[in-house]
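S.K.: Sharing my_file.tsv, TSV, N, CA and C atoms:
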chain	number	residue	atom	x	y	z
R	7	GLN	N	117.90	51.64	163.10
R	7	GLN	CA	116.87	52.65	163.01
R	7	GLN	C	115.96	52.60	164.23
R	8	LEU	N	115.36	53.74	164.49
R	8	LEU	CA	114.40	53.82	165.57
R	8	LEU	C	112.98	53.76	165.01
R	9	GLN	N	112.04	53.50	165.88
R	9	GLN	CA	110.64	53.59	165.50
R	9	GLN	C	110.13	54.97	165.87
R	10	LEU	N	109.51	55.63	164.91
R	10	LEU	CA	108.95	56.96	165.13
R	10	LEU	C	107.43	56.87	164.98
R	11	VAL	N	106.73	57.36	165.97
R	11	VAL	CA	105.27	57.32	165.95
R	11	VAL	C	104.75	58.76	165.99
R	12	GLU	N	103.98	59.12	164.97
R	12	GLU	CA	103.44	60.47	164.85
R	12	GLU	C	101.96	60.48	165.21
R	13	SER	N	101.50	61.63	165.64
R	13	SER	CA	100.08	61.82	165.90
R	13	SER	C	99.75	63.29	165.74
R	14	GLY	N	98.45	63.56	165.60
R	14	GLY	CA	98.00	64.94	165.62
R	14	GLY	C	97.54	65.52	164.31
R	15	GLY	N	97.64	64.78	163.22
R	15	GLY	CA	97.16	65.31	161.96
R	15	GLY	C	95.65	65.37	161.93
R	16	GLY	N	95.11	65.94	160.85
R	16	GLY	CA	93.67	66.01	160.72
R	16	GLY	C	93.24	67.05	159.72
R	17	LEU	N	91.95	67.36	159.77
R	17	LEU	CA	91.34	68.34	158.87
R	17	LEU	C	91.04	69.61	159.65
R	18	VAL	N	91.45	70.74	159.10
R	18	VAL	CA	91.23	72.01	159.78
R	18	VAL	C	90.94	73.08	158.73
R	19	GLN	N	90.18	74.08	159.11
R	19	GLN	CA	89.92	75.19	158.19
R	19	GLN	C	91.10	76.14	158.14
R	20	ALA	N	91.21	76.84	157.06
R	20	ALA	CA	92.28	77.84	156.92
R	20	ALA	C	92.22	78.82	158.09
R	21	GLY	N	93.40	79.11	158.62
R	21	GLY	CA	93.49	79.98	159.78
R	21	GLY	C	93.50	79.23	161.10
R	22	GLY	N	93.22	77.94	161.03
R	22	GLY	CA	93.18	77.13	162.24
R	22	GLY	C	94.56	76.64	162.66
R	23	SER	N	94.56	75.81	163.70
R	23	SER	CA	95.81	75.32	164.28
R	23	SER	C	95.76	73.81	164.49
R	24	LEU	N	96.92	73.21	164.44
R	24	LEU	CA	97.10	71.80	164.77
R	24	LEU	C	98.43	71.62	165.46
R	25	ILE	N	98.53	70.58	166.27
R	25	ILE	CA	99.80	70.21	166.88
R	25	ILE	C	100.14	68.78	166.46
R	26	LEU	N	101.32	68.62	165.90
R	26	LEU	CA	101.82	67.29	165.57
R	26	LEU	C	102.83	66.86	166.63
R	27	SER	N	102.81	65.57	166.94
R	27	SER	CA	103.75	65.03	167.92
R	27	SER	C	104.44	63.81	167.34
R	28	CYS	N	105.66	63.61	167.75
R	28	CYS	CA	106.45	62.45	167.30
R	28	CYS	C	107.24	61.93	168.48
R	29	THR	N	107.16	60.62	168.68
R	29	THR	CA	107.92	59.98	169.74
R	29	THR	C	108.85	58.95	169.13
R	30	ALA	N	110.12	59.03	169.48
R	30	ALA	CA	111.11	58.09	169.00
R	30	ALA	C	111.35	57.03	170.07
R	31	SER	N	111.23	55.78	169.68
R	31	SER	CA	111.47	54.69	170.63
R	31	SER	C	112.62	53.84	170.15
R	32	GLY	N	113.43	53.41	171.10
R	32	GLY	CA	114.59	52.61	170.76
R	32	GLY	C	115.75	52.99	171.66
R	33	ASP	N	116.77	52.18	171.63
R	33	ASP	CA	117.89	52.40	172.53
R	33	ASP	C	118.96	53.27	171.88
R	34	ASP	N	118.59	54.51	171.70
R	34	ASP	CA	119.56	55.45	171.15
R	34	ASP	C	119.55	56.71	172.00
R	35	TYR	N	120.62	56.95	172.70
R	35	TYR	CA	120.70	58.14	173.53
R	35	TYR	C	121.80	59.06	173.03
R	36	SER	N	122.14	58.89	171.77
R	36	SER	CA	123.20	59.72	171.19
R	36	SER	C	122.64	61.07	170.78
R	37	ILE	N	123.56	61.96	170.49
R	37	ILE	CA	123.18	63.28	169.97
R	37	ILE	C	122.47	63.08	168.63
R	38	ASN	N	121.38	63.80	168.44
R	38	ASN	CA	120.61	63.55	167.24
R	38	ASN	C	119.94	64.82	166.73
R	39	ASP	N	119.53	64.75	165.48
R	39	ASP	CA	118.68	65.77	164.87
R	39	ASP	C	117.28	65.19	164.76
R	40	MET	N	116.28	66.02	164.97
R	40	MET	CA	114.89	65.60	164.73
R	40	MET	C	114.17	66.72	163.99
R	41	GLY	N	113.36	66.31	163.05
R	41	GLY	CA	112.68	67.32	162.27
R	41	GLY	C	111.38	66.83	161.66
R	42	TRP	N	110.68	67.74	161.03
R	42	TRP	CA	109.44	67.46	160.31
R	42	TRP	C	109.63	67.78	158.84
R	43	TYR	N	109.19	66.87	158.02
R	43	TYR	CA	109.14	67.06	156.58
R	43	TYR	C	107.70	66.91	156.13
R	44	ARG	N	107.41	67.38	154.94
R	44	ARG	CA	106.08	67.18	154.39
R	44	ARG	C	106.17	66.91	152.90
R	45	GLN	N	105.13	66.22	152.43
R	45	GLN	CA	105.07	65.91	151.01
R	45	GLN	C	103.64	66.03	150.53
R	46	ALA	N	103.43	66.95	149.62
R	46	ALA	CA	102.12	67.13	149.01
R	46	ALA	C	102.05	66.26	147.75
R	47	PRO	N	100.86	65.91	147.30
R	47	PRO	CA	100.72	65.07	146.11
R	47	PRO	C	101.47	65.66	144.92
R	48	GLY	N	102.29	64.83	144.29
R	48	GLY	CA	103.03	65.26	143.12
R	48	GLY	C	104.22	66.14	143.40
R	49	GLN	N	104.49	66.36	144.69
R	49	GLN	CA	105.60	67.23	145.07
R	49	GLN	C	106.70	66.44	145.76
R	50	ARG	N	107.89	67.03	145.81
R	50	ARG	CA	108.99	66.42	146.52
R	50	ARG	C	108.81	66.62	148.02
R	51	ARG	N	109.37	65.72	148.78
R	51	ARG	CA	109.35	65.88	150.22
R	51	ARG	C	110.27	67.05	150.58
R	52	GLU	N	109.77	67.92	151.47
R	52	GLU	CA	110.54	69.10	151.82
R	52	GLU	C	110.63	69.25	153.33
R	53	LEU	N	111.71	69.88	153.75
R	53	LEU	CA	111.91	70.14	155.17
R	53	LEU	C	110.96	71.24	155.63
R	54	VAL	N	110.30	70.99	156.76
R	54	VAL	CA	109.44	72.00	157.36
R	54	VAL	C	110.17	72.69	158.51
R	55	ALA	N	110.70	71.89	159.42
R	55	ALA	CA	111.41	72.43	160.58
R	55	ALA	C	112.30	71.34	161.15
R	56	VAL	N	113.45	71.74	161.66
R	56	VAL	CA	114.37	70.77	162.23
R	56	VAL	C	115.06	71.36	163.45
R	57	VAL	N	115.25	70.52	164.46
R	57	VAL	CA	116.06	70.88	165.62
R	57	VAL	C	117.36	70.08	165.50
R	58	LEU	N	118.45	70.79	165.29
R	58	LEU	CA	119.73	70.13	165.08
R	58	LEU	C	120.36	69.75	166.42
R	59	SER	N	121.38	68.92	166.34
R	59	SER	CA	122.01	68.40	167.56
R	59	SER	C	122.64	69.51	168.40
R	60	ASP	N	122.99	70.63	167.79
R	60	ASP	CA	123.57	71.74	168.56
R	60	ASP	C	122.50	72.64	169.15
R	61	GLY	N	121.23	72.28	168.95
R	61	GLY	CA	120.13	73.06	169.49
R	61	GLY	C	119.58	74.11	168.55
R	62	SER	N	120.24	74.33	167.45
R	62	SER	CA	119.74	75.33	166.50
R	62	SER	C	118.51	74.80	165.78
R	63	ILE	N	117.69	75.72	165.31
R	63	ILE	CA	116.43	75.38	164.67
R	63	ILE	C	116.35	76.05	163.30
R	64	LYS	N	115.89	75.30	162.34
R	64	LYS	CA	115.70	75.85	161.00
R	64	LYS	C	114.27	75.60	160.56
R	65	TYR	N	113.71	76.56	159.83
R	65	TYR	CA	112.36	76.47	159.30
R	65	TYR	C	112.36	76.71	157.79
R	66	HIS	N	111.39	76.09	157.14
R	66	HIS	CA	111.13	76.44	155.75
R	66	HIS	C	110.61	77.87	155.73
R	67	ASP	N	111.00	78.62	154.73
R	67	ASP	CA	110.61	80.03	154.68
R	67	ASP	C	109.10	80.22	154.76
R	68	THR	N	108.34	79.31	154.18
R	68	THR	CA	106.89	79.50	154.10
R	68	THR	C	106.18	79.28	155.43
R	69	VAL	N	106.87	78.72	156.43
R	69	VAL	CA	106.21	78.47	157.71
R	69	VAL	C	106.76	79.35	158.83
R	70	LYS	N	107.78	80.12	158.54
R	70	LYS	CA	108.35	80.99	159.58
R	70	LYS	C	107.29	81.94	160.11
R	71	GLY	N	107.24	82.05	161.42
R	71	GLY	CA	106.26	82.92	162.05
R	71	GLY	C	104.91	82.25	162.29
R	72	ARG	N	104.70	81.09	161.69
R	72	ARG	CA	103.43	80.38	161.88
R	72	ARG	C	103.60	79.04	162.60
R	73	PHE	N	104.72	78.37	162.34
R	73	PHE	CA	104.98	77.07	162.95
R	73	PHE	C	106.07	77.20	164.00
R	74	THR	N	105.95	76.40	165.05
R	74	THR	CA	106.98	76.35	166.09
R	74	THR	C	107.31	74.91	166.39
R	75	VAL	N	108.58	74.55	166.29
R	75	VAL	CA	109.02	73.19	166.59
R	75	VAL	C	109.68	73.18	167.96
R	76	SER	N	109.45	72.11	168.69
R	76	SER	CA	110.08	71.97	170.01
R	76	SER	C	110.46	70.52	170.23
R	77	LYS	N	111.53	70.33	170.97
R	77	LYS	CA	112.09	68.99	171.18
R	77	LYS	C	112.37	68.77	172.64
R	78	ASP	N	112.01	67.60	173.12
R	78	ASP	CA	112.32	67.19	174.48
R	78	ASP	C	113.38	66.11	174.39
R	79	ASN	N	114.62	66.48	174.68
R	79	ASN	CA	115.72	65.53	174.52
R	79	ASN	C	115.62	64.36	175.49
R	80	ALA	N	115.12	64.63	176.67
R	80	ALA	CA	115.02	63.56	177.67
R	80	ALA	C	114.03	62.48	177.24
R	81	LYS	N	112.97	62.90	176.57
R	81	LYS	CA	111.94	61.97	176.15
R	81	LYS	C	112.04	61.58	174.67
R	82	ASN	N	112.96	62.20	173.96
R	82	ASN	CA	113.09	61.96	172.52
R	82	ASN	C	111.76	62.18	171.81
R	83	THR	N	111.14	63.30	172.10
R	83	THR	CA	109.89	63.66	171.44
R	83	THR	C	110.05	64.98	170.71
R	84	LEU	N	109.27	65.14	169.69
R	84	LEU	CA	109.31	66.34	168.86
R	84	LEU	C	107.88	66.79	168.60
R	85	SER	N	107.64	68.08	168.72
R	85	SER	CA	106.31	68.62	168.47
R	85	SER	C	106.38	69.72	167.43
R	86	LEU	N	105.27	69.90	166.74
R	86	LEU	CA	105.18	70.99	165.77
R	86	LEU	C	103.85	71.68	165.98
R	87	GLN	N	103.90	72.89	166.49
R	87	GLN	CA	102.72	73.72	166.65
R	87	GLN	C	102.51	74.48	165.35
R	88	MET	N	101.38	74.27	164.72
R	88	MET	CA	101.10	74.90	163.43
R	88	MET	C	99.92	75.85	163.59
R	89	ASN	N	100.16	77.13	163.40
R	89	ASN	CA	99.13	78.15	163.51
R	89	ASN	C	98.89	78.80	162.17
R	90	ASN	N	97.74	79.45	162.06
R	90	ASN	CA	97.39	80.15	160.83
R	90	ASN	C	97.63	79.27	159.61
R	91	LEU	N	97.09	78.08	159.67
R	91	LEU	CA	97.30	77.12	158.58
R	91	LEU	C	96.66	77.60	157.29
R	92	LYS	N	97.31	77.26	156.19
R	92	LYS	CA	96.87	77.66	154.86
R	92	LYS	C	96.63	76.40	154.02
R	93	PRO	N	95.78	76.50	153.01
R	93	PRO	CA	95.54	75.33	152.15
R	93	PRO	C	96.84	74.75	151.57
R	94	GLU	N	97.81	75.59	151.31
R	94	GLU	CA	99.07	75.10	150.76
R	94	GLU	C	99.91	74.33	151.77
R	95	ASP	N	99.49	74.30	153.03
R	95	ASP	CA	100.16	73.47	154.03
R	95	ASP	C	99.67	72.03	153.97
R	96	THR	N	98.65	71.77	153.18
R	96	THR	CA	98.11	70.42	153.06
R	96	THR	C	99.17	69.46	152.52
R	97	ALA	N	99.41	68.40	153.27
R	97	ALA	CA	100.44	67.43	152.90
R	97	ALA	C	100.44	66.30	153.93
R	98	VAL	N	101.21	65.28	153.62
R	98	VAL	CA	101.53	64.28	154.63
R	98	VAL	C	102.80	64.75	155.33
R	99	TYR	N	102.74	64.79	156.64
R	99	TYR	CA	103.87	65.26	157.44
R	99	TYR	C	104.58	64.06	158.05
R	100	TYR	N	105.91	64.07	157.91
R	100	TYR	CA	106.73	62.96	158.37
R	100	TYR	C	107.72	63.44	159.42
R	101	CYS	N	107.85	62.65	160.47
R	101	CYS	CA	108.88	62.89	161.46
R	101	CYS	C	110.17	62.23	160.99
R	102	ASN	N	111.27	62.89	161.24
R	102	ASN	CA	112.58	62.40	160.81
R	102	ASN	C	113.56	62.47	161.97
R	103	TYR	N	114.38	61.44	162.06
R	103	TYR	CA	115.36	61.34	163.14
R	103	TYR	C	116.69	60.92	162.53
R	104	TYR	N	117.75	61.59	162.95
R	104	TYR	CA	119.08	61.18	162.49
R	104	TYR	C	120.07	61.22	163.65
R	105	SER	N	120.85	60.16	163.76
R	105	SER	CA	122.02	60.18	164.63
R	105	SER	C	123.12	59.36	163.97
R	106	ASP	N	124.34	59.59	164.40
R	106	ASP	CA	125.47	58.83	163.85
R	106	ASP	C	125.36	57.36	164.22
R	107	VAL	N	124.63	57.05	165.28
R	107	VAL	CA	124.52	55.67	165.74
R	107	VAL	C	123.46	54.90	164.94
R	108	THR	N	122.29	55.52	164.77
R	108	THR	CA	121.17	54.79	164.14
R	108	THR	C	120.94	55.16	162.69
R	109	GLY	N	121.56	56.23	162.21
R	109	GLY	CA	121.29	56.67	160.85
R	109	GLY	C	119.96	57.39	160.78
R	110	VAL	N	119.31	57.32	159.62
R	110	VAL	CA	118.07	58.04	159.36
R	110	VAL	C	116.87	57.15	159.62
R	111	SER	N	115.88	57.70	160.32
R	111	SER	CA	114.61	57.00	160.55
R	111	SER	C	113.48	57.93	160.16
R	112	TRP	N	112.39	57.33	159.65
R	112	TRP	CA	111.21	58.08	159.25
R	112	TRP	C	109.97	57.51	159.95
R	113	GLY	N	109.06	58.39	160.27
R	113	GLY	CA	107.77	57.95	160.75
R	113	GLY	C	106.89	57.55	159.58
R	114	GLN	N	105.70	57.07	159.89
R	114	GLN	CA	104.79	56.58	158.85
R	114	GLN	C	104.05	57.72	158.16
R	115	GLY	N	104.07	58.89	158.75
R	115	GLY	CA	103.41	60.04	158.15
R	115	GLY	C	102.03	60.27	158.74
R	116	THR	N	101.65	61.53	158.82
R	116	THR	CA	100.31	61.89	159.28
R	116	THR	C	99.75	62.96	158.35
R	117	GLN	N	98.51	62.80	157.95
R	117	GLN	CA	97.90	63.69	156.97
R	117	GLN	C	97.41	64.97	157.63
R	118	VAL	N	97.78	66.08	157.03
R	118	VAL	CA	97.25	67.39	157.43
R	118	VAL	C	96.52	67.96	156.21
R	119	THR	N	95.24	68.26	156.39
R	119	THR	CA	94.45	68.83	155.32
R	119	THR	C	93.85	70.15	155.79
R	120	VAL	N	94.11	71.20	155.03
R	120	VAL	CA	93.61	72.53	155.37
R	120	VAL	C	92.62	72.95	154.29
R	121	SER	N	91.38	73.16	154.69
R	121	SER	CA	90.35	73.55	153.73
R	121	SER	C	90.24	75.07	153.65
R	122	SER	N	89.90	75.54	152.48
R	122	SER	CA	89.80	76.99	152.28
R	122	SER	C	88.41	77.51	152.59
Show me the file's structure as C-alpha cells.

M.R.:
Amino acid sequence: QLQLVESGGGLVQAGGSLILSCTASGDDYSINDMGWYRQAPGQRRELVAVVLSDGSIKYHDTVKGRFTVSKDNAKNTLSLQMNNLKPEDTAVYYCNYYSDVTGVSWGQGTQVTVSS
C-alpha cells in the first residue's frame, strides 16, 4: 500500500468552494486509478469522482457540473475542485488509490462541512 496524504477540507458556506488535494507517496509507478470518496454520518461511503487508468473520469451524479477532479500522473497527486457546495456535500472525504501492484490504499480523510 501507499501512503496518501489529504489536505484542503474545512468549513464553508453553501455556494462556496473548496479544493481538496491528495498526494500518494511510495515506490509505485504503475498504472493506477485515483479517486475521491465521501462518507456522511450514518451513510455508506460513496464514490465522488475517479480518474481511471485509461484517463477516463467518472463523477457521482450529484456533483456533476460542480466538482472537477484532476490528476497529475508524474507527481501522483489528485485534486478535487468543489464549487457551489451544498449542505448535503458535508462528509469526510477520502482519497483512494488502486494499482495492480499495490492494491487499494486510503487516505486518513478530511472533513468538509457546508453550512446553510

S.K.: Would you mind listing what lies within 6 Å of range 63-77 of chain R as a list in words, with all atoms listed in the file counted and same-chain residues fewer than 3 positions away left out?

M.R.: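 Near range 63-77 of chain R, the qualifying residues are Leu53, Val54, Ala55, Val56, Val57, Leu58, Thr83, Leu84, Ser85, Leu86, Gln87, Met88, Asn89 and Asn90 of chain R.
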
S.K.: Rounded to one decimal, what separation in Å do you get between atom N of Thr96 in chain R and atom N of Lys81 in chain R?

M.R.: 28.8 Å

S.K.: Go ahead and compute the interatomic distance for CA of Asp78 in chain R and atom C of Arg44 in chain R, in Å to one decimal.

M.R.: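 We find that CA of Asp78 in chain R and atom C of Arg44 in chain R lie 22.4 Å from each other.
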
S.K.: Apply DSSP to the backbone of this structure and, from range 7-120 of chain R, keep only the residues in helix (DSSP H, G or I); write these as number ranges by chain.

M.R.: R: 67-69, 93-95

S.K.: As an exercise, work out the distance from CA of Asp95 in chain R to CA of Ser62 in chain R in Å and give it to one decimal place.

M.R.: 23.3 Å

S.K.: Please identify all polymer residues within 12 Å of Val18 in chain R, counting only C-alpha atoms, omitting same-chain residues fewer than 3 positions from it, and present them as a VMD selection string.

M.R.: chain R and resid 14 to 15 21 to 25 88 to 93 95 to 96 117 to 122

S.K.: Which of these residues is nearest to Thr29 in chain R, using all atoms listed in the file: R:Gln114, R:Asn102, R:Gln9, R:Gln49?

M.R.: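 Nearest to Thr29 in chain R: R:Gln9.
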
S.K.: My list of candidates is R:Asn79, R:Ser13, R:Ser59, R:Gln7. Which is closest to Val107 in chain R when distances are computed with all atoms listed in the file?

M.R.: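 Looking at the shortest contact to Val107 in chain R, the residue is R:Gln7.
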
S.K.: Set the distance at 6.5 Å and use all atoms listed in the file: which residues neighbour Glu52 in chain R once local chain neighbours fewer than 3 positions away are removed? I'd like the list as a PyMOL selection string.

M.R.: chain R and resi 42-45

S.K.: What are the centre and edge lengths in Å, to one decimal, of the axis-aligned box around all listed atoms of range 49-60 of chain R with 3 Å added on each side, as JSON?

M.R.:
{"center_x": 114.0, "center_y": 69.2, "center_z": 156.9, "size_x": 25.1, "size_y": 13.0, "size_z": 30.5}

S.K.: Could you write out, as a ChimeraX atom specification, all the residues of range 38-77 of chain R that DSSP marks as strand (DSSP E or B)?

M.R.: /R:38-45,52-57,63-65,73-77

S.K.: Once you have the residues from the selection above, write them out as a compact mmCIF listing (two decimals), keeping the file's coordinate frame, restricted to N, CA and C atoms.

M.R.:
# COMPACT_ATOMS: atom_id res chain seq x y z
N ASN R 38 121.38 63.80 168.44
CA ASN R 38 120.61 63.55 167.24
C ASN R 38 119.94 64.82 166.73
N ASP R 39 119.53 64.75 165.48
CA ASP R 39 118.68 65.77 164.87
C ASP R 39 117.28 65.19 164.76
N MET R 40 116.28 66.02 164.97
CA MET R 40 114.89 65.60 164.73
C MET R 40 114.17 66.72 163.99
N GLY R 41 113.36 66.31 163.05
CA GLY R 41 112.68 67.32 162.27
C GLY R 41 111.38 66.83 161.66
N TRP R 42 110.68 67.74 161.03
CA TRP R 42 109.44 67.46 160.31
C TRP R 42 109.63 67.78 158.84
N TYR R 43 109.19 66.87 158.02
CA TYR R 43 109.14 67.06 156.58
C TYR R 43 107.70 66.91 156.13
N ARG R 44 107.41 67.38 154.94
CA ARG R 44 106.08 67.18 154.39
C ARG R 44 106.17 66.91 152.90
N GLN R 45 105.13 66.22 152.43
CA GLN R 45 105.07 65.91 151.01
C GLN R 45 103.64 66.03 150.53
N GLU R 52 109.77 67.92 151.47
CA GLU R 52 110.54 69.10 151.82
C GLU R 52 110.63 69.25 153.33
N LEU R 53 111.71 69.88 153.75
CA LEU R 53 111.91 70.14 155.17
C LEU R 53 110.96 71.24 155.63
N VAL R 54 110.30 70.99 156.76
CA VAL R 54 109.44 72.00 157.36
C VAL R 54 110.17 72.69 158.51
N ALA R 55 110.70 71.89 159.42
CA ALA R 55 111.41 72.43 160.58
C ALA R 55 112.30 71.34 161.15
N VAL R 56 113.45 71.74 161.66
CA VAL R 56 114.37 70.77 162.23
C VAL R 56 115.06 71.36 163.45
N VAL R 57 115.25 70.52 164.46
CA VAL R 57 116.06 70.88 165.62
C VAL R 57 117.36 70.08 165.50
N ILE R 63 117.69 75.72 165.31
CA ILE R 63 116.43 75.38 164.67
C ILE R 63 116.35 76.05 163.30
N LYS R 64 115.89 75.30 162.34
CA LYS R 64 115.70 75.85 161.00
C LYS R 64 114.27 75.60 160.56
N TYR R 65 113.71 76.56 159.83
CA TYR R 65 112.36 76.47 159.30
C TYR R 65 112.36 76.71 157.79
N PHE R 73 104.72 78.37 162.34
CA PHE R 73 104.98 77.07 162.95
C PHE R 73 106.07 77.20 164.00
N THR R 74 105.95 76.40 165.05
CA THR R 74 106.98 76.35 166.09
C THR R 74 107.31 74.91 166.39
N VAL R 75 108.58 74.55 166.29
CA VAL R 75 109.02 73.19 166.59
C VAL R 75 109.68 73.18 167.96
N SER R 76 109.45 72.11 168.69
CA SER R 76 110.08 71.97 170.01
C SER R 76 110.46 70.52 170.23
N LYS R 77 111.53 70.33 170.97
CA LYS R 77 112.09 68.99 171.18
C LYS R 77 112.37 68.77 172.64
